[in-house]
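Undergrad: This is the content of my_file05.txt (compact mmCIF, C-alpha atoms):
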# COMPACT_ATOMS: atom_id res chain seq x y z
CA MET A 1105 13.95 -11.93 11.56
CA ILE A 1106 12.51 -8.57 12.58
CA CYS A 1107 13.68 -7.37 15.98
CA VAL A 1108 11.21 -5.30 17.97
CA GLU A 1109 11.94 -3.18 21.02
CA THR A 1110 8.77 -3.05 23.08
CA PRO A 1111 8.14 0.19 24.98
CA LEU A 1112 7.55 -0.29 28.72
CA ASP A 1113 5.07 1.56 30.88
CA ASN A 1114 5.79 3.12 34.28
CA PHE A 1115 5.43 -0.27 35.94
CA GLY A 1116 7.87 -2.03 33.62
CA ALA A 1117 5.14 -3.90 31.73
CA PRO A 1118 4.98 -4.03 27.90
CA ALA A 1119 3.13 -1.01 26.55
CA MET A 1120 1.09 -0.79 23.36
CA LEU A 1121 3.16 -0.65 20.18
CA PRO A 1122 2.89 2.59 18.15
CA LYS A 1123 0.00 2.40 15.70
CA ILE A 1124 0.22 3.31 12.01
CA PHE A 1125 -3.16 3.48 10.31
CA GLY A 1126 -4.60 1.41 13.14
CA LYS A 1127 -1.94 -1.34 12.98
CA PRO A 1128 1.44 -1.74 14.71
CA ALA A 1129 4.41 -0.83 12.51
CA ILE A 1130 5.53 -4.47 12.56
CA PHE A 1131 2.36 -5.41 10.64
CA HIS A 1132 3.39 -3.19 7.72
CA GLN A 1133 6.96 -4.50 7.80
CA VAL A 1134 5.76 -8.11 7.64
CA LYS A 1135 3.40 -7.33 4.77
CA GLN A 1136 6.20 -5.63 2.83
CA LEU A 1137 8.45 -8.69 3.26
CA GLN A 1138 5.66 -11.03 2.20
CA ARG A 1139 5.00 -8.90 -0.85
CA LEU A 1140 8.66 -9.35 -1.86
CA GLY A 1141 8.53 -13.13 -1.46
CA VAL A 1142 9.70 -13.70 2.14
CA ASP A 1143 7.35 -16.27 3.64
CA ASP A 1144 9.14 -17.38 6.85
CA ILE A 1145 9.34 -14.55 9.38
CA ILE A 1146 10.32 -14.46 13.05
CA ILE A 1147 9.36 -11.45 15.16
CA ALA A 1148 11.90 -11.36 17.97
CA VAL A 1149 10.78 -9.39 21.02
CA ASP A 1150 11.93 -9.35 24.64
CA ALA A 1151 8.63 -8.32 26.24
CA ILE A 1152 5.44 -9.31 24.44
CA PRO A 1153 2.56 -6.76 24.42
CA GLY A 1154 -0.90 -8.26 24.75
CA GLU A 1155 -1.88 -7.17 21.22
CA LEU A 1156 1.02 -8.89 19.44
CA PRO A 1157 -0.01 -12.59 19.66
CA GLN A 1158 -3.42 -11.78 18.17
CA LEU A 1159 -1.79 -9.76 15.39
CA VAL A 1160 0.59 -12.63 14.58
CA GLU A 1161 -2.35 -15.06 14.42
CA GLN A 1162 -4.09 -12.72 11.99
CA MET A 1163 -1.00 -12.55 9.76
CA ARG A 1164 -0.61 -16.34 9.86
CA ALA A 1165 -4.25 -16.75 8.84
CA GLU A 1166 -3.66 -14.44 5.86
CA GLY A 1167 -0.80 -16.64 4.64
CA GLY A 1168 2.88 -17.09 5.37
CA ASN A 1169 4.74 -18.49 8.34
CA VAL A 1170 4.97 -15.70 10.92
CA ARG A 1171 6.32 -16.61 14.39
CA LEU A 1172 6.56 -14.63 17.59
CA LEU A 1173 9.55 -15.59 19.75
CA ARG A 1174 11.49 -14.28 22.70
CA PRO A 1175 15.30 -14.67 22.33
CA VAL A 1176 15.56 -16.31 25.77
CA ASN A 1177 13.18 -19.03 24.62
CA PHE A 1178 14.84 -19.84 21.29
CA SER A 1179 15.31 -23.53 20.57
CA GLU A 1180 16.92 -25.19 17.55
CA ALA A 1181 13.48 -26.07 16.24
CA ASP A 1182 12.69 -22.35 15.95
CA TYR A 1183 15.63 -21.45 13.72
CA PHE A 1184 15.68 -20.93 9.98
CA ASP A 1185 16.83 -23.66 7.61
CA GLY A 1186 19.30 -21.39 5.82
CA PRO A 1187 20.57 -17.79 5.60
CA PHE A 1188 18.18 -15.18 6.94
CA LEU A 1189 17.66 -11.44 6.81
CA LEU A 1190 18.09 -9.59 10.10
CA VAL A 1191 16.25 -6.27 10.50
CA ALA A 1192 16.99 -4.04 13.49
CA PRO A 1193 14.25 -2.27 15.47
CA GLU A 1194 12.78 0.99 14.14
CA LEU A 1195 14.18 0.49 10.66
CA TRP A 1196 12.46 1.07 7.32
CA LEU A 1197 13.76 0.06 3.88
CA ASP A 1198 11.97 0.83 0.65
CA ASP A 1199 11.16 -1.98 -1.77
CA GLY A 1200 14.15 -1.34 -4.03
CA LEU A 1201 16.77 -1.47 -1.28
CA LEU A 1202 15.07 -4.41 0.42
CA GLN A 1203 15.18 -6.44 -2.81
CA GLU A 1204 18.86 -5.59 -3.14
CA VAL A 1205 19.58 -6.71 0.44
CA LEU A 1206 17.71 -9.97 -0.11
CA SER A 1207 20.20 -10.77 -2.90
CA TRP A 1208 23.26 -10.45 -0.64
CA LYS A 1209 25.35 -13.50 0.11
CA ALA A 1210 25.23 -15.04 3.58
CA ASN A 1211 27.36 -13.40 6.30
CA SER A 1212 26.98 -9.89 4.89
CA VAL A 1213 26.49 -6.85 7.11
CA GLY A 1214 25.30 -3.53 5.72
CA THR A 1215 27.19 -0.47 6.91
CA VAL A 1216 26.85 3.29 6.53
CA GLU A 1217 29.50 5.94 6.99
CA GLU A 1218 29.95 8.01 10.13
CA GLY A 1219 28.27 11.39 9.87
CA PRO A 1220 25.78 13.79 11.49
CA ALA A 1221 22.87 12.45 9.39
CA ASN A 1222 23.49 8.89 10.58
CA GLY A 1223 23.46 9.45 14.31
CA LEU A 1224 20.50 7.13 14.91
CA PHE A 1225 22.29 4.12 13.42
CA GLU A 1226 24.29 1.92 15.80
CA ARG A 1227 28.00 2.71 15.89
CA ILE A 1228 30.52 0.00 15.01
CA ASP A 1229 33.67 2.12 15.34
CA LEU A 1230 34.83 5.67 14.74
CA ASN A 1231 34.34 5.48 10.97
CA ARG A 1232 31.25 3.39 10.37
CA ARG A 1233 27.83 2.47 11.67
CA TRP A 1234 25.56 -0.49 11.17
CA SER A 1235 22.78 0.08 8.64
CA GLY A 1236 20.40 -2.14 10.63
CA VAL A 1237 20.26 -4.96 8.08
CA ALA A 1238 22.38 -8.06 7.62
CA VAL A 1239 22.15 -11.46 5.94
CA LEU A 1240 23.47 -14.14 8.30
CA GLU A 1241 23.78 -17.90 8.47
CA ALA A 1242 21.11 -19.63 10.52
CA GLY A 1243 23.68 -21.21 12.81
CA ILE A 1244 24.59 -17.89 14.37
CA LEU A 1245 21.25 -17.91 16.20
CA LEU A 1246 22.60 -20.71 18.38
CA GLN A 1247 24.89 -18.12 19.93
CA SER A 1248 21.95 -16.06 21.15
CA LYS A 1249 21.82 -18.26 24.25
CA GLU A 1250 25.11 -16.63 25.29
CA MET A 1251 23.77 -13.10 24.88
CA PRO A 1252 24.59 -10.95 27.95
CA GLU A 1253 21.62 -9.67 29.94
CA GLY A 1254 20.46 -6.24 28.80
CA TRP A 1255 21.74 -6.61 25.24
CA SER A 1256 19.44 -6.35 22.25
CA LEU A 1257 19.36 -9.39 20.00
CA ALA A 1258 20.09 -7.34 16.86
CA SER A 1259 23.20 -5.74 18.39
CA PHE A 1260 24.46 -9.06 19.72
CA LEU A 1261 24.10 -10.83 16.36
CA LEU A 1262 25.79 -7.93 14.57
CA ARG A 1263 28.80 -7.90 16.90
CA HIS A 1264 29.11 -11.66 16.86
CA SER A 1265 28.91 -11.89 13.05
CA LEU A 1266 31.63 -9.24 12.65
CA GLN A 1267 33.84 -11.14 15.09
CA LEU A 1268 33.34 -14.24 12.94
CA GLY A 1269 34.52 -12.37 9.84
CA ALA A 1270 31.28 -11.34 8.14
CA SER A 1271 31.85 -9.24 5.02
CA GLU A 1272 30.66 -5.65 4.98
CA VAL A 1273 28.45 -4.14 2.29
CA ALA A 1274 28.63 -0.35 2.18
CA ILE A 1275 25.27 1.37 1.65
CA SER A 1276 25.68 4.76 0.00
CA GLN A 1277 24.70 7.95 1.80
CA GLN A 1278 22.37 8.69 -1.09
CA ARG A 1279 20.15 5.82 0.09
CA ILE A 1280 19.63 7.65 3.37
CA THR A 1281 19.23 11.03 1.72
CA ASP A 1282 16.51 9.84 -0.66
CA GLY A 1283 14.65 7.93 2.09
CA SER A 1284 15.42 4.39 0.90
CA LEU A 1285 16.91 3.60 4.33
CA LEU A 1286 15.55 5.31 7.43
CA HIS A 1287 15.96 4.86 11.15
CA VAL A 1288 12.50 5.88 12.28
CA SER A 1289 12.20 7.86 15.49
CA SER A 1290 8.43 8.43 15.69
CA THR A 1291 5.08 7.07 14.59
CA GLY A 1292 4.69 10.14 12.41
CA ASP A 1293 7.77 9.14 10.41
CA TYR A 1294 6.38 5.66 9.74
CA GLU A 1295 2.97 7.06 8.83
CA LYS A 1296 4.53 9.45 6.33
CA ILE A 1297 6.59 6.69 4.71
CA ILE A 1298 3.83 4.12 4.49
CA GLY A 1299 1.19 6.69 3.58
CA SER A 1300 3.21 7.88 0.60
CA HIS A 1301 3.64 4.24 -0.46
CA PHE A 1302 -0.11 3.64 -0.48
CA LEU A 1303 -1.19 6.96 -1.90
CA GLU A 1304 1.14 6.89 -4.92
CA PHE A 1305 -1.49 4.83 -5.77
CA ARG A 1306 -3.39 2.67 -7.50
CA GLN A 1307 -5.91 5.28 -8.65
CA SER A 1308 -6.96 4.91 -12.26
CA GLY A 1309 -7.98 8.49 -13.00
CA THR A 1310 -6.80 12.04 -12.47
CA MET A 1311 -10.00 13.03 -10.67
CA GLU A 1312 -9.75 10.02 -8.37
CA ALA A 1313 -6.17 11.00 -7.52
CA VAL A 1314 -7.36 14.49 -6.55
CA VAL A 1315 -10.04 12.99 -4.30
CA ALA A 1316 -7.45 10.62 -2.81
CA ASN A 1317 -5.20 13.55 -1.88
CA LEU A 1318 -8.10 15.48 -0.36
CA SER A 1319 -9.34 12.51 1.66
CA GLY A 1320 -5.88 11.34 2.77
CA GLY A 1321 -6.26 13.02 6.15
CA LEU A 1322 -9.21 10.77 6.98
CA ILE A 1323 -7.26 7.53 6.66
CA ALA A 1324 -5.53 7.53 10.04
CA PRO A 1325 -8.58 8.40 12.20
CA VAL A 1326 -10.93 6.09 10.27
CA SER A 1327 -8.51 3.15 10.30
CA GLN A 1328 -8.29 3.27 14.09
CA ARG A 1329 -12.03 2.71 14.55
CA PRO A 1330 -13.43 -0.63 13.32
CA ALA A 1331 -16.97 0.78 13.19
CA LEU A 1332 -15.88 3.56 10.84
CA MET A 1333 -13.89 1.09 8.72
CA ALA A 1334 -17.04 -1.00 8.28
CA ALA A 1335 -19.20 2.05 7.59
CA PHE A 1336 -16.87 3.45 4.92
CA GLY A 1337 -16.46 -0.04 3.50
CA TRP A 1338 -20.15 -0.33 2.68
CA ALA A 1339 -21.02 3.33 2.12
CA PRO A 1340 -20.05 3.47 -1.61
CA VAL A 1341 -22.23 0.45 -2.42
CA VAL A 1342 -25.23 1.79 -0.50
CA VAL A 1343 -24.91 5.25 -2.06
CA SER A 1344 -24.44 3.86 -5.59
CA ILE A 1345 -27.57 1.71 -5.23
CA ALA A 1346 -29.40 4.81 -4.00
CA SER A 1347 -28.37 6.58 -7.22
CA VAL A 1348 -30.16 3.90 -9.23
CA ALA A 1349 -33.35 4.44 -7.21
CA VAL A 1350 -33.10 8.23 -7.62
CA ALA A 1351 -32.62 7.87 -11.40
CA TYR A 1352 -35.57 5.47 -11.61
CA GLY A 1353 -37.65 8.11 -9.84
CA GLY A 1354 -36.88 10.55 -12.64
CA HIS A 1355 -34.46 12.85 -10.82
CA ILE A 1356 -31.60 12.56 -13.27
CA MET A 1357 -29.33 15.35 -12.03
CA ALA A 1358 -29.76 14.24 -8.44
CA ALA A 1359 -28.98 10.64 -9.45
CA LEU A 1360 -25.72 11.62 -11.13
CA ALA A 1361 -24.78 13.78 -8.14
CA VAL A 1362 -25.42 10.85 -5.79
CA TYR A 1363 -23.29 8.57 -7.97
CA VAL A 1364 -20.46 11.16 -7.93
CA LEU A 1365 -20.62 10.97 -4.12
CA ALA A 1366 -20.50 7.16 -4.35
CA LEU A 1367 -17.35 7.30 -6.51
CA CYS A 1368 -15.66 9.72 -4.09
CA LEU A 1369 -16.46 7.36 -1.21
CA GLU A 1370 -15.15 4.48 -3.32
CA THR A 1371 -11.80 6.26 -3.67
CA LEU A 1372 -11.55 6.51 0.12
CA ARG A 1373 -12.61 2.86 0.44
CA GLN A 1374 -9.81 1.79 -1.91
CA GLN A 1375 -7.30 3.68 0.23
CA LEU A 1376 -8.59 1.90 3.34
CA ARG A 1377 -8.30 -1.43 1.51
CA ALA A 1378 -4.71 -0.56 0.63
CA ILE A 1379 -3.67 -0.12 4.27
CA GLU A 1380 -5.15 -3.56 4.98
CA TYR A 1381 -3.20 -5.00 1.99
CA HIS A 1382 -6.37 -6.23 0.27
CA VAL A 1383 -5.76 -4.38 -3.02
CA LYS A 1384 -4.93 -7.53 -5.01
CA ALA A 1385 -7.82 -9.56 -3.59
CA ASN A 1386 -11.09 -9.90 -5.50
CA ASP A 1387 -13.13 -6.79 -4.81
CA TYR A 1388 -16.75 -7.71 -5.40
CA LEU A 1389 -18.00 -4.46 -3.87
CA SER A 1390 -16.15 -2.51 -6.56
CA TRP A 1391 -17.91 -4.57 -9.21
CA ALA A 1392 -21.25 -3.86 -7.54
CA ILE A 1393 -20.52 -0.11 -7.61
CA GLN A 1394 -19.68 -0.29 -11.32
CA PHE A 1395 -22.85 -2.24 -12.09
CA ALA A 1396 -24.85 0.32 -10.09
CA GLY A 1397 -23.28 3.09 -12.16
CA THR A 1398 -24.29 1.34 -15.38
CA ALA A 1399 -27.81 0.88 -14.04
CA THR A 1400 -27.94 4.56 -13.09
CA LEU A 1401 -27.03 5.54 -16.65
CA LEU A 1402 -29.64 3.20 -18.13
CA ALA A 1403 -32.35 4.50 -15.81
CA SER A 1404 -31.35 8.12 -16.52
CA PHE A 1405 -31.55 7.65 -20.30
CA TRP A 1406 -34.88 5.85 -19.93
CA ARG A 1407 -36.36 8.62 -17.78
CA SER A 1408 -35.12 11.25 -20.25
CA GLY A 1409 -37.23 9.64 -22.98
CA GLU A 1410 -34.66 7.56 -24.91
CA SER A 1411 -35.75 4.35 -26.61
CA LEU A 1412 -34.49 0.97 -25.37
CA VAL A 1413 -32.06 0.73 -28.28
CA ASP A 1414 -30.68 4.26 -27.85
CA MET A 1415 -30.26 4.08 -24.11
CA SER A 1416 -28.50 0.70 -24.39
CA PHE A 1417 -26.25 1.97 -27.17
CA LEU A 1418 -25.22 5.19 -25.39
CA THR A 1419 -24.59 3.39 -22.09
CA THR A 1420 -22.54 0.67 -23.80
CA LEU A 1421 -20.40 3.23 -25.62
CA LEU A 1422 -19.69 5.24 -22.46
CA VAL A 1423 -18.76 2.16 -20.43
CA ALA A 1424 -16.65 0.68 -23.26
CA LEU A 1425 -14.66 3.90 -23.77
CA VAL A 1426 -13.88 4.14 -20.04
CA LEU A 1427 -12.73 0.51 -20.06
CA MET A 1428 -10.58 1.13 -23.15
CA SER A 1429 -8.82 4.00 -21.43
CA HIS A 1430 -7.80 1.70 -18.55
CA MET A 1431 -5.76 -0.46 -20.93
CA SER A 1432 -2.98 2.17 -20.73
CA PRO A 1433 -3.19 3.58 -17.19
CA LYS A 1434 0.29 5.16 -17.42
CA ASP A 1435 -0.76 7.43 -20.27
CA ARG A 1436 -1.35 10.92 -18.90
CA THR A 1437 -4.11 11.66 -21.40
CA LEU A 1438 -6.06 8.50 -20.70
CA ARG A 1439 -5.80 9.06 -16.95
CA THR A 1440 -8.24 11.94 -17.41
CA ILE A 1441 -10.86 9.35 -18.42
CA SER A 1442 -12.47 7.64 -15.46
CA PRO A 1443 -15.95 6.88 -14.09
CA LEU A 1444 -15.78 9.94 -11.85
CA ALA A 1445 -14.67 12.26 -14.66
CA VAL A 1446 -17.38 10.96 -17.03
CA THR A 1447 -20.14 11.21 -14.42
CA LEU A 1448 -19.08 14.75 -13.50
CA SER A 1449 -19.07 15.73 -17.18
CA LEU A 1450 -22.59 14.41 -17.64
CA LEU A 1451 -23.78 16.21 -14.51
CA ILE A 1452 -22.26 19.56 -15.49
CA GLY A 1453 -23.54 19.28 -19.06
CA LEU A 1454 -27.09 18.66 -17.82
CA PHE A 1455 -27.26 22.23 -16.54
CA LEU A 1456 -27.28 23.41 -20.18
CA PHE A 1457 -28.37 20.58 -22.49
CA PRO A 1458 -30.52 17.43 -22.59
CA LEU A 1459 -28.88 14.22 -21.36
CA SER A 1460 -28.79 12.64 -24.83
CA LEU A 1461 -26.84 15.55 -26.33
CA VAL A 1462 -24.48 15.70 -23.35
CA ALA A 1463 -23.82 11.95 -23.54
CA LYS A 1464 -23.08 12.10 -27.27
CA SER A 1465 -20.70 15.04 -26.77
CA VAL A 1466 -18.89 13.16 -23.99
CA ILE A 1467 -18.61 10.09 -26.23
CA VAL A 1468 -17.01 12.18 -29.00
CA ILE A 1469 -14.52 13.64 -26.50
CA LEU A 1470 -13.68 10.19 -25.11
CA LEU A 1471 -13.18 8.81 -28.62
CA GLY A 1472 -10.88 11.71 -29.45
CA LEU A 1473 -8.80 11.22 -26.30
CA ASN A 1474 -8.50 7.47 -26.88
CA ILE A 1475 -7.55 7.87 -30.54
CA GLY A 1476 -5.08 10.66 -29.74
CA ALA A 1477 -3.42 8.59 -27.02
CA ARG A 1478 -3.16 5.50 -29.25
CA TRP A 1479 -1.73 7.58 -32.09
CA GLY A 1480 0.89 9.04 -29.77
CA GLN A 1481 1.81 5.59 -28.45
CA MET A 1482 2.22 4.22 -31.96
CA ARG A 1483 4.39 7.15 -32.99
CA ASN A 1484 6.57 6.66 -29.93
CA LEU A 1485 7.03 3.05 -30.94
CA GLY A 1486 8.07 4.09 -34.41
CA GLN A 1487 5.07 2.42 -36.04
CA LEU A 1488 3.89 5.61 -37.76
CA ASN A 1489 5.91 8.13 -39.73
CA SER A 1490 5.39 11.90 -39.58
CA ASN A 1491 2.85 11.63 -42.42
Starting from the file, give its structure as structure tokens.
TA:
Amino acid sequence: MICVETPLDNFGAPAMLPKIFGKPAIFHQVKQLQRLGVDDIIIAVDAIPGELPQLVEQMRAEGGNVRLLRPVNFSEADYFDGPFLLVAPELWLDDGLLQEVLSWKANSVGTVEEGPANGLFERIDLNRRWSGVAVLEAGILLQSKEMPEGWSLASFLLRHSLQLGASEVAISQQRITDGSLLHVSSTGDYEKIIGSHFLEFRQSGTMEAVVANLSGGLIAPVSQRPALMAAFGWAPVVVSIASVAVAYGGHIMAALAVYVLALCLETLRQQLRAIEYHVKANDYLSWAIQFAGTATLLASFWRSGESLVDMSFLTTLLVALVLMSHMSPKDRTLRTISPLAVTLSLLIGLFLFPLSLVAKSVIVILLGLNIGARWGQMRNLGQLNSN
């Protein structure tokens, strides 16, 4: 159960929830819980903003049982079947701490010590504050009908569970210091937390990571405009197909430059997919971009005068070596090998040498990096001696 405090406008009506990358913060909290295996979620809110029902329907359609309820309207049919996790408003836990909390026994309340750094957490007494998370028995929700007017549901359930003898689980101050547990006071705080989560990222190559860092500032403004989301979603495919046409026309350097642009746009597209939590879904557009890159290479070799056998052989070797490097994405050496890095190398080399010579030189370098990385891995595993 995630408790949400809805901001009110000057007329006392529910205002829009703060947006993070174009979505309310509650959307990201639900997706995090679902990623960790929680599939029955209640969003408890006193005043319902107009945007929230539609958002809940979207999350239900994407899988999982997500319900939107007002505490005053709770009925027994709405309650959980067993112990549940209670999350207070404006709270963020990282994956590690959240997994730990999910393993607590029922009737456990997380607490933090009193101190200047913990002033945003709700006070229990002079020496301790509530961390904002608890694991409670489902039956305690029946008591919400007795909640005094003006109380928040999270505070009421906390106080009531402590009165009933709930055990306390102390959360170390280090968890707050390192950002594992945060009481968020602004949209900027949420955006920083969630942005760092997405941009750790999921990029396969060093060059792509550089592009991701440079383009990170575009994520928030683009994500808030559906038209821009759609445009950047299709732009890499359109540009990569254009690179094939340019290569077929005989403009090899221009074709490689266009494909470099397509790969940079693809990095931004992957970041935008991450904030929509589509990273694990089949990404057919990414396949299309890779096929377009292969076609661009084939057309470039053909226009540079290579035979059918040679152009097929060189293209196959380049593509195979890039794929091989992805088998060990954590290896720092192999992270330097990526479609963007290879395409840039070919483009830069073309300023001095013919494409065939540049391609063969790049292949030798890729082979050396792959062999060196494998050798190092085998030595680390003790499978080779110093000889």
Undergrad: By how many Å are CA of Glu1253 in chain A and CA of Phe1225 in chain A apart?
TA: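 It comes out at 21.5 Å.
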Undergrad: Quick one: residues within 7 Å of Ala1148 in chain A, only C-alpha atoms, excluding same-chain residues fewer than 5 positions away - as JSON, numbers by chain?
TA: {"A": [1105, 1106, 1107, 1108, 1172, 1173, 1174, 1175]}
Undergrad: Can you tell me which residues surround Met1163 in chain A at a distance of at most 9 Å, considering all atoms listed in the file, apart from same-chain residues fewer than 4 positions away, and format the answer as a CSV table (one decimal) with C-alpha atoms, in the frame of the given file?
TA:
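Writing the result to around_18.csv gives the following:
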chain,number,residue,atom,x,y,z
A,1131,PHE,CA,2.4,-5.4,10.6
A,1134,VAL,CA,5.8,-8.1,7.6
A,1135,LYS,CA,3.4,-7.3,4.8
A,1158,GLN,CA,-3.4,-11.8,18.2
A,1159,LEU,CA,-1.8,-9.8,15.4
A,1167,GLY,CA,-0.8,-16.6,4.6
A,1168,GLY,CA,2.9,-17.1,5.4
A,1169,ASN,CA,4.7,-18.5,8.3
A,1170,VAL,CA,5.0,-15.7,10.9
Undergrad: In Å, rounded to a single decimal, give me how far CA of Leu1257 in chain A is from CA of Ile1228 in chain A.
TA: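 About the pair CA of Ile1228 in chain A and CA of Leu1257 in chain A: they are 15.4 Å apart.
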Undergrad: Counting all atoms listed in the file, which of A:Ser1429, A:Ser1411, A:Ser1449, A:Gln1247 gets nearest to Val1462 in chain A?
TA: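 That would be A:Ser1449, the residue with the smallest distance to Val1462 in chain A.
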Undergrad: May I ask which of the residues A:Lys1127, A:Arg1164, A:Arg1233, A:His1355 is the closest one to Ala1403 in chain A, counting only C-alpha atoms?
TA: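 Smallest separation from Ala1403 in chain A among the options: A:His1355.
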Undergrad: Report as JSON, numbers by chain all protein, DNA and RNA residues lying within 12 Å of Ala1192 in chain A, evaluated on all atoms listed in the file, omitting residues in the same chain fewer than 4 positions from it.
TA: {"A": [1105, 1106, 1107, 1108, 1109, 1130, 1133, 1147, 1148, 1149, 1196, 1197, 1213, 1214, 1224, 1225, 1226, 1234, 1235, 1236, 1237, 1238, 1239, 1256, 1257, 1258, 1259, 1260, 1261, 1262, 1285, 1286, 1287, 1288]}
Undergrad: Using CA of Leu1422 in chain A and CA of Leu1470 in chain A as the two end points, give the distance in Å to one decimal.
TA: 8.2 Å
Undergrad: Could you pull the residues within 12 Å of Leu1444 in chain A, counting all atoms listed in the file, minus those fewer than 3 positions along the same chain, as a PDB file with C-alpha atoms, in the coordinates of the input?
TA:
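Result file around_35.pdb:
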ATOM      1  CA  GLN A1307      -5.910   5.280  -8.650  1.00  0.00           C
ATOM      2  CA  SER A1308      -6.960   4.910 -12.260  1.00  0.00           C
ATOM      3  CA  GLY A1309      -7.980   8.490 -13.000  1.00  0.00           C
ATOM      4  CA  THR A1310      -6.800  12.040 -12.470  1.00  0.00           C
ATOM      5  CA  MET A1311     -10.000  13.030 -10.670  1.00  0.00           C
ATOM      6  CA  GLU A1312      -9.750  10.020  -8.370  1.00  0.00           C
ATOM      7  CA  ALA A1313      -6.170  11.000  -7.520  1.00  0.00           C
ATOM      8  CA  VAL A1314      -7.360  14.490  -6.550  1.00  0.00           C
ATOM      9  CA  VAL A1315     -10.040  12.990  -4.300  1.00  0.00           C
ATOM     10  CA  LEU A1360     -25.720  11.620 -11.130  1.00  0.00           C
ATOM     11  CA  ALA A1361     -24.780  13.780  -8.140  1.00  0.00           C
ATOM     12  CA  VAL A1362     -25.420  10.850  -5.790  1.00  0.00           C
ATOM     13  CA  TYR A1363     -23.290   8.570  -7.970  1.00  0.00           C
ATOM     14  CA  VAL A1364     -20.460  11.160  -7.930  1.00  0.00           C
ATOM     15  CA  LEU A1365     -20.620  10.970  -4.120  1.00  0.00           C
ATOM     16  CA  ALA A1366     -20.500   7.160  -4.350  1.00  0.00           C
ATOM     17  CA  LEU A1367     -17.350   7.300  -6.510  1.00  0.00           C
ATOM     18  CA  CYS A1368     -15.660   9.720  -4.090  1.00  0.00           C
ATOM     19  CA  LEU A1369     -16.460   7.360  -1.210  1.00  0.00           C
ATOM     20  CA  GLU A1370     -15.150   4.480  -3.320  1.00  0.00           C
ATOM     21  CA  THR A1371     -11.800   6.260  -3.670  1.00  0.00           C
ATOM     22  CA  ILE A1393     -20.520  -0.110  -7.610  1.00  0.00           C
ATOM     23  CA  GLN A1394     -19.680  -0.290 -11.320  1.00  0.00           C
ATOM     24  CA  GLY A1397     -23.280   3.090 -12.160  1.00  0.00           C
ATOM     25  CA  VAL A1423     -18.760   2.160 -20.430  1.00  0.00           C
ATOM     26  CA  VAL A1426     -13.880   4.140 -20.040  1.00  0.00           C
ATOM     27  CA  ARG A1439      -5.800   9.060 -16.950  1.00  0.00           C
ATOM     28  CA  THR A1440      -8.240  11.940 -17.410  1.00  0.00           C
ATOM     29  CA  ILE A1441     -10.860   9.350 -18.420  1.00  0.00           C
ATOM     30  CA  THR A1447     -20.140  11.210 -14.420  1.00  0.00           C
ATOM     31  CA  LEU A1448     -19.080  14.750 -13.500  1.00  0.00           C
ATOM     32  CA  SER A1449     -19.070  15.730 -17.180  1.00  0.00           C
ATOM     33  CA  LEU A1450     -22.590  14.410 -17.640  1.00  0.00           C
ATOM     34  CA  LEU A1451     -23.780  16.210 -14.510  1.00  0.00           C
TER      35      LEU A1451
END
Undergrad: Tell me which of A:Lys1249, A:Arg1373, A:Arg1329, A:Arg1407 sits closest to Met1357 in chain A, counting all atoms listed in the file.
TA: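 For Met1357 in chain A, the nearest of the candidates is A:Arg1407.
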Undergrad: Determine the nearest neighbour of Ala1358 in chain A from the options A:Leu1461, A:Ala1346, A:Leu1427, A:Val1160, counting all atoms listed in the file.
TA: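 Checking each candidate against Ala1358 in chain A, we get A:Ala1346 as the closest.
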